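Worksheet: one structure, shown below.
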Amino acid sequence: MSLLADEAGGDIISFGQGIPYFDTPEYIKDGIRAALQEKDTARYTLEPGITELRELIAKDLMTRKGIQGVNFRREVMVNSGCQEAIMCALATLIDEGDEVLLLSPSFASYSEQILQLGGTPVFVPLEEERGWRLNTQAVRDAISKKTKAILFSHPSNPTGTVFTKEELRSLTDIAKENDLVVIVDETYDFLTYEGIEHVSPASFPDIRDRVILCGSFSKKYALTGYRVGYAFAEQGIMDHMLKVHDALQICAPAISQKAAIAALRGDQKSVAEFREKLGENRERMCQKLDELSDFFEYQKPDGAYYILAKVEKPQMPSVELAIKILREAKVITIPGIAFGPAGEGHLRFSFACSPEEIEEGFRRLANWFKAL
């Protein structure tokens with residue numbers, strides 16, 4: 001949709017890509033400026049990443065997520081964004097014809113990555129009426145002899161679902177029973193609302209050796225353009241992931257890794273400020289959708305900064321609708337079908353944009369829908 005918007009030109013409001021509207025915190029910029037003066041910033045780093053950064057990531061995983069005994073030298077890798085980490089995980093686990101379960105609606109790139117590797121994405125629908133909750137029986141029913149892994153984002157992009165500890169325990173029990181690996185994308189782990197706790201399945205000691213945790217600095221520190229993320233997995237899996245990483249990237253950019261070091265060294269005050277601003281945006285966008293209740297029904301997200309809204313009318317394919325809205329209302333939304341079959345009939349809205357953009361974007365949408 002962003003490419004179509006670029007072609008269309010003009011004054012476009014975007015509820016599309018999840019790019020935080022705030023700037024990179026100044027203390028991180030200071031670290032980047034200092035890094036530019038260092039000779040080794042222009043050179044390759046170690047394939048798994050700068051040692052100091054891996055150590056900082058390991059400490060964060062242990063203190064913030066409660067994961068036990070993380071070995072930063074053997075179990076942590078720095079990547080060019082979370083998506084590259086997921087690609088390394090998938091390439092390690094699946095061969096042609098293998099299946100990966102996707103809790104659906106799921107992030108659009110997951111199915112594309114699986115297909116590129118010759119695998120088959122198998123969509124396991126979440127229960128929308130209950131707030132896009134997990135259906136464990138649906139997971140069990142989807143497993144076949146070809147199933148190798150379960151992949152999902154937590155909190156979810158595009159639904160904003162934050163699974164409970166009990167739901168995650170049920171999911172990891174299924175993985176153990178069926179000899180599956182759990183790949184979890186925790187890009188939005190810092191972003192939950194109303195006191196809801198984020199739990200990582202990697203924190204369960206009995207499943208630690210079959211969880212691949214992928215994370216990112218992009219959203220938490222407004223570093224989307226730096227493309228820096230990481231992966232955590234037990235050494236046997238990580239050794240193979242590093243082979244894929246070396247073939248794809250050699251290493252993540254040194255300047256981006258040093259930006260991540262600066263981010264983790266800081267006092268994290270900016271993260272709390274980001275969460276507060278995005279929480280306000282969540283309330284603002286929900287209010288705007290409530291004002292268009294004749295056209296949309298939605299589940300209020302518990303985390304991340306997306307709402308996957310069901311379109312009541314007009315009834316048309318989500319791609320067609322999103323393109324019409326872009327061209328006629330000058331607002332970017334993402335068609336639900338991009339997130340798998342369960343997403344059809346929906347549009348995804350990102351509330352990572354500024355409050356002013358939410359106000360103007362919904363003014364345009366209200367005018368457009370009410371003119372139908």
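Just remember, in the structure tokens the first chain shown is A, the second B, etc., residues are 1-based per chain, and ligands are 1-based in the order shown.
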
Do you know which residues are at most 7 Å from stretch 247-252 of chain A counting only C-alpha atoms, after dropping those on the same chain fewer than 2 positions away, and could you put them as a PDB file with C-alpha atoms, in the first residue's frame?
ATOM      1  CA  TYR A  44      32.448  -6.030   9.837  1.00  0.00           C
ATOM      2  CA  THR A  45      31.711  -7.146  13.364  1.00  0.00           C
ATOM      3  CA  LEU A  46      31.773 -10.735  14.608  1.00  0.00           C
ATOM      4  CA  GLU A  47      29.106 -12.735  12.755  1.00  0.00           C
ATOM      5  CA  PRO A  48      26.877 -13.176  15.832  1.00  0.00           C
ATOM      6  CA  GLY A  49      27.289  -9.504  16.733  1.00  0.00           C
ATOM      7  CA  VAL A  78      22.339  -9.925  16.459  1.00  0.00           C
ATOM      8  CA  ASN A  79      20.423  -9.624  13.183  1.00  0.00           C
ATOM      9  CA  SER A  80      19.472  -7.074  10.548  1.00  0.00           C
ATOM     10  CA  VAL A 228      18.655  -4.183  14.073  1.00  0.00           C
ATOM     11  CA  LYS A 243      25.311 -20.454   9.333  1.00  0.00           C
ATOM     12  CA  VAL A 244      22.218 -19.022   7.643  1.00  0.00           C
ATOM     13  CA  HIS A 245      22.916 -15.548   9.054  1.00  0.00           C
ATOM     14  CA  ALA A 254      28.067  -2.036  13.017  1.00  0.00           C
ATOM     15  CA  GLN A 257      24.569  -2.493  16.605  1.00  0.00           C
TER      16      GLN A 257
END

Show me, as a Markdown table, the residues of stretch 269-353 of chain A having an atom within 6 Å of stretch 184-202 of chain A, each with the closest atom pair and its distance in Å, using only C-alpha atoms.
| residue | atom | partner | partner_atom | distance |
| --- | --- | --- | --- | --- |
| A:Asp302 | CA | A:Tyr193 | CA | 5.6 |
| A:Gly303 | CA | A:Thr192 | CA | 4.1 |
| A:Ala304 | CA | A:Leu191 | CA | 5.4 |

May I have the residues from that selection written out with C-alpha atoms, as a PDB file, in the first residue's frame?
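Contents of selection.pdb, freshly written:
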ATOM      1  CA  ASP A 302      -4.139  -5.421  24.648  1.00  0.00           C
ATOM      2  CA  GLY A 303      -0.727  -4.731  23.127  1.00  0.00           C
ATOM      3  CA  ALA A 304       1.275  -3.523  20.107  1.00  0.00           C
TER       4      ALA A 304
END

Name all residues at most 7 Å from stretch 164-176 of chain A (count only C-alpha atoms; drop same-chain ones fewer than 5 positions away) and give them as a PyMOL selection string.
-> chain A and resi 134+136+181-182+199+201+207

Could those residues be written to a file, using C-alpha atoms, as a compact mmCIF listing (two decimals), in the first residue's frame?
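Printed below is part_5.txt as written:
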# COMPACT_ATOMS: atom_id res chain seq x y z
CA LEU A 134 -6.04 -19.02 21.22
CA THR A 136 -5.84 -25.02 21.49
CA VAL A 181 9.80 -25.74 17.86
CA VAL A 182 8.11 -22.51 18.91
CA VAL A 199 5.07 -13.43 29.27
CA PRO A 201 7.37 -18.78 26.36
CA ILE A 207 10.47 -25.60 26.93

Quick one: residues within 8 Å of A:Arg73, only C-alpha atoms counted, chain neighbours fewer than 5 positions away excluded, as a PyMOL selection string?
-> chain A and resi 51+54-55

Writing out the chosen residues with N, CA and C atoms as a short mmCIF file (atom, residue, chain, number, x, y, z; two decimals), in the first residue's frame:
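See again_6.cif below for the written result:
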data_model
loop_
_atom_site.label_atom_id
_atom_site.label_comp_id
_atom_site.auth_asym_id
_atom_site.auth_seq_id
_atom_site.Cartn_x
_atom_site.Cartn_y
_atom_site.Cartn_z
N THR A 51 30.25 -8.28 20.88
CA THR A 51 30.18 -9.02 22.14
C THR A 51 29.43 -8.25 23.21
N ARG A 54 25.65 -8.43 22.64
CA ARG A 54 25.08 -9.74 22.97
C ARG A 54 24.98 -9.93 24.49
N GLU A 55 25.96 -9.42 25.20
CA GLU A 55 25.92 -9.52 26.66
C GLU A 55 24.78 -8.68 27.23
#

Check stretch 14-259 of chain A with DSSP on the backbone and list each residue it calls alpha helix (DSSP H), as a PyMOL selection string.
-> chain A and resi 26-36+51-65+82-93+108-116+136-142+165-177+235-248+254-259

Now that the selection is made, can you save its residues with C-alpha atoms as a CSV table (one decimal), in the first residue's frame?
chain,number,residue,atom,x,y,z
A,26,GLU,CA,18.6,11.9,22.1
A,27,TYR,CA,20.8,9.6,24.2
A,28,ILE,CA,20.8,7.0,21.5
A,29,LYS,CA,21.7,9.7,18.9
A,30,ASP,CA,24.6,10.7,21.1
A,31,GLY,CA,25.8,7.1,21.1
A,32,ILE,CA,25.5,7.0,17.3
A,33,ARG,CA,27.5,10.2,16.9
A,34,ALA,CA,30.2,8.8,19.1
A,35,ALA,CA,30.2,5.6,17.1
A,36,LEU,CA,30.8,7.5,13.9
A,51,THR,CA,30.2,-9.0,22.1
A,52,GLU,CA,29.0,-6.2,24.4
A,53,LEU,CA,25.7,-6.0,22.6
A,54,ARG,CA,25.1,-9.7,23.0
A,55,GLU,CA,25.9,-9.5,26.7
A,56,LEU,CA,23.5,-6.6,27.1
A,57,ILE,CA,20.7,-8.5,25.3
A,58,ALA,CA,21.3,-11.6,27.5
A,59,LYS,CA,21.1,-9.5,30.6
A,60,ASP,CA,17.9,-8.0,29.4
A,61,LEU,CA,16.4,-11.4,28.6
A,62,MET,CA,17.2,-12.6,32.1
A,63,THR,CA,16.1,-9.6,34.1
A,64,ARG,CA,13.1,-8.4,32.1
A,65,LYS,CA,11.7,-11.7,30.8
A,82,CYS,CA,13.7,-9.2,13.6
A,83,GLN,CA,12.6,-10.5,10.2
A,84,GLU,CA,16.1,-11.7,9.3
A,85,ALA,CA,16.2,-13.5,12.7
A,86,ILE,CA,12.9,-15.3,11.8
A,87,MET,CA,14.3,-16.2,8.4
A,88,CYS,CA,17.3,-17.7,9.9
A,89,ALA,CA,15.1,-19.7,12.3
A,90,LEU,CA,12.8,-21.0,9.5
A,91,ALA,CA,15.8,-21.9,7.2
A,92,THR,CA,17.2,-23.9,10.1
A,93,LEU,CA,14.1,-25.8,10.8
A,108,ALA,CA,2.1,-11.0,6.5
A,109,SER,CA,5.8,-11.7,6.0
A,110,TYR,CA,5.7,-15.0,7.9
A,111,SER,CA,3.9,-16.9,5.2
A,112,GLU,CA,6.0,-15.4,2.5
A,113,GLN,CA,9.2,-16.5,4.2
A,114,ILE,CA,7.9,-20.0,4.6
A,115,LEU,CA,6.9,-20.2,1.0
A,116,GLN,CA,10.3,-18.9,-0.2
A,136,THR,CA,-5.8,-25.0,21.5
A,137,GLN,CA,-8.0,-27.6,19.8
A,138,ALA,CA,-7.6,-25.9,16.5
A,139,VAL,CA,-3.8,-26.0,17.0
A,140,ARG,CA,-3.9,-29.7,17.7
A,141,ASP,CA,-6.2,-30.4,14.7
A,142,ALA,CA,-3.8,-28.5,12.4
A,165,LYS,CA,0.5,-17.4,30.7
A,166,GLU,CA,-2.0,-20.2,30.7
A,167,GLU,CA,-2.6,-19.9,26.9
A,168,LEU,CA,1.2,-19.9,26.3
A,169,ARG,CA,1.6,-22.9,28.6
A,170,SER,CA,-1.0,-24.8,26.6
A,171,LEU,CA,0.7,-23.9,23.3
A,172,THR,CA,4.1,-25.0,24.6
A,173,ASP,CA,2.7,-28.2,26.0
A,174,ILE,CA,1.4,-29.0,22.5
A,175,ALA,CA,4.8,-28.2,21.0
A,176,LYS,CA,6.5,-30.6,23.5
A,177,GLU,CA,4.0,-33.4,22.9
A,235,GLN,CA,23.2,-23.5,21.3
A,236,GLY,CA,22.4,-26.5,19.0
A,237,ILE,CA,19.8,-24.4,17.2
A,238,MET,CA,21.8,-21.2,17.3
A,239,ASP,CA,24.8,-22.8,15.7
A,240,HIS,CA,22.7,-23.6,12.6
A,241,MET,CA,21.0,-20.2,12.6
A,242,LEU,CA,24.4,-18.6,12.5
A,243,LYS,CA,25.3,-20.5,9.3
A,244,VAL,CA,22.2,-19.0,7.6
A,245,HIS,CA,22.9,-15.5,9.1
A,246,ASP,CA,26.5,-15.6,7.8
A,247,ALA,CA,25.3,-16.6,4.3
A,248,LEU,CA,22.6,-13.9,4.2
A,254,ALA,CA,28.1,-2.0,13.0
A,255,ILE,CA,26.5,1.4,13.3
A,256,SER,CA,23.1,-0.2,14.0
A,257,GLN,CA,24.6,-2.5,16.6
A,258,LYS,CA,26.2,0.5,18.4
A,259,ALA,CA,22.8,2.3,18.3

Within 8 Å of stretch 321-339 of chain A: each stretch 78-131 of chain A residue with its shortest pair, only C-alpha atoms, as JSON lines:
{"residue": "A:Ser104", "atom": "CA", "partner": "A:Phe339", "partner_atom": "CA", "distance": 7.1}
{"residue": "A:Pro105", "atom": "CA", "partner": "A:Phe339", "partner_atom": "CA", "distance": 5.0}
{"residue": "A:Ser106", "atom": "CA", "partner": "A:Phe339", "partner_atom": "CA", "distance": 5.0}
{"residue": "A:Phe107", "atom": "CA", "partner": "A:Phe339", "partner_atom": "CA", "distance": 5.6}
{"residue": "A:Ala108", "atom": "CA", "partner": "A:Phe339", "partner_atom": "CA", "distance": 4.8}

For the residues in the current selection, export N, CA and C atoms as a PDB file, in the first residue's frame.
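And here's part_17.pdb as it stands now:
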ATOM      1  N   SER A 104      -3.468 -17.320  13.234  1.00  0.00           N
ATOM      2  CA  SER A 104      -3.985 -16.420  12.206  1.00  0.00           C
ATOM      3  C   SER A 104      -5.180 -15.619  12.703  1.00  0.00           C
ATOM      4  N   PRO A 105      -5.220 -14.320  12.377  1.00  0.00           N
ATOM      5  CA  PRO A 105      -4.383 -13.554  11.461  1.00  0.00           C
ATOM      6  C   PRO A 105      -2.944 -13.426  11.973  1.00  0.00           C
ATOM      7  N   SER A 106      -2.002 -13.506  11.030  1.00  0.00           N
ATOM      8  CA  SER A 106      -0.588 -13.464  11.377  1.00  0.00           C
ATOM      9  C   SER A 106       0.129 -12.428  10.517  1.00  0.00           C
ATOM     10  N   PHE A 107       1.292 -11.985  10.986  1.00  0.00           N
ATOM     11  CA  PHE A 107       2.070 -10.984  10.259  1.00  0.00           C
ATOM     12  C   PHE A 107       2.337 -11.470   8.836  1.00  0.00           C
ATOM     13  N   ALA A 108       2.119 -10.583   7.879  1.00  0.00           N
ATOM     14  CA  ALA A 108       2.105 -10.963   6.463  1.00  0.00           C
ATOM     15  C   ALA A 108       3.399 -11.621   5.993  1.00  0.00           C
TER      16      ALA A 108
END

Residue nearest A:Leu308 - candidates A:Ser354, A:Asn157, A:Ser270, A:Asn281, atoms counted: only C-alpha atoms |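 Counting only C-alpha atoms, the residue closest to A:Leu308 is A:Asn157.
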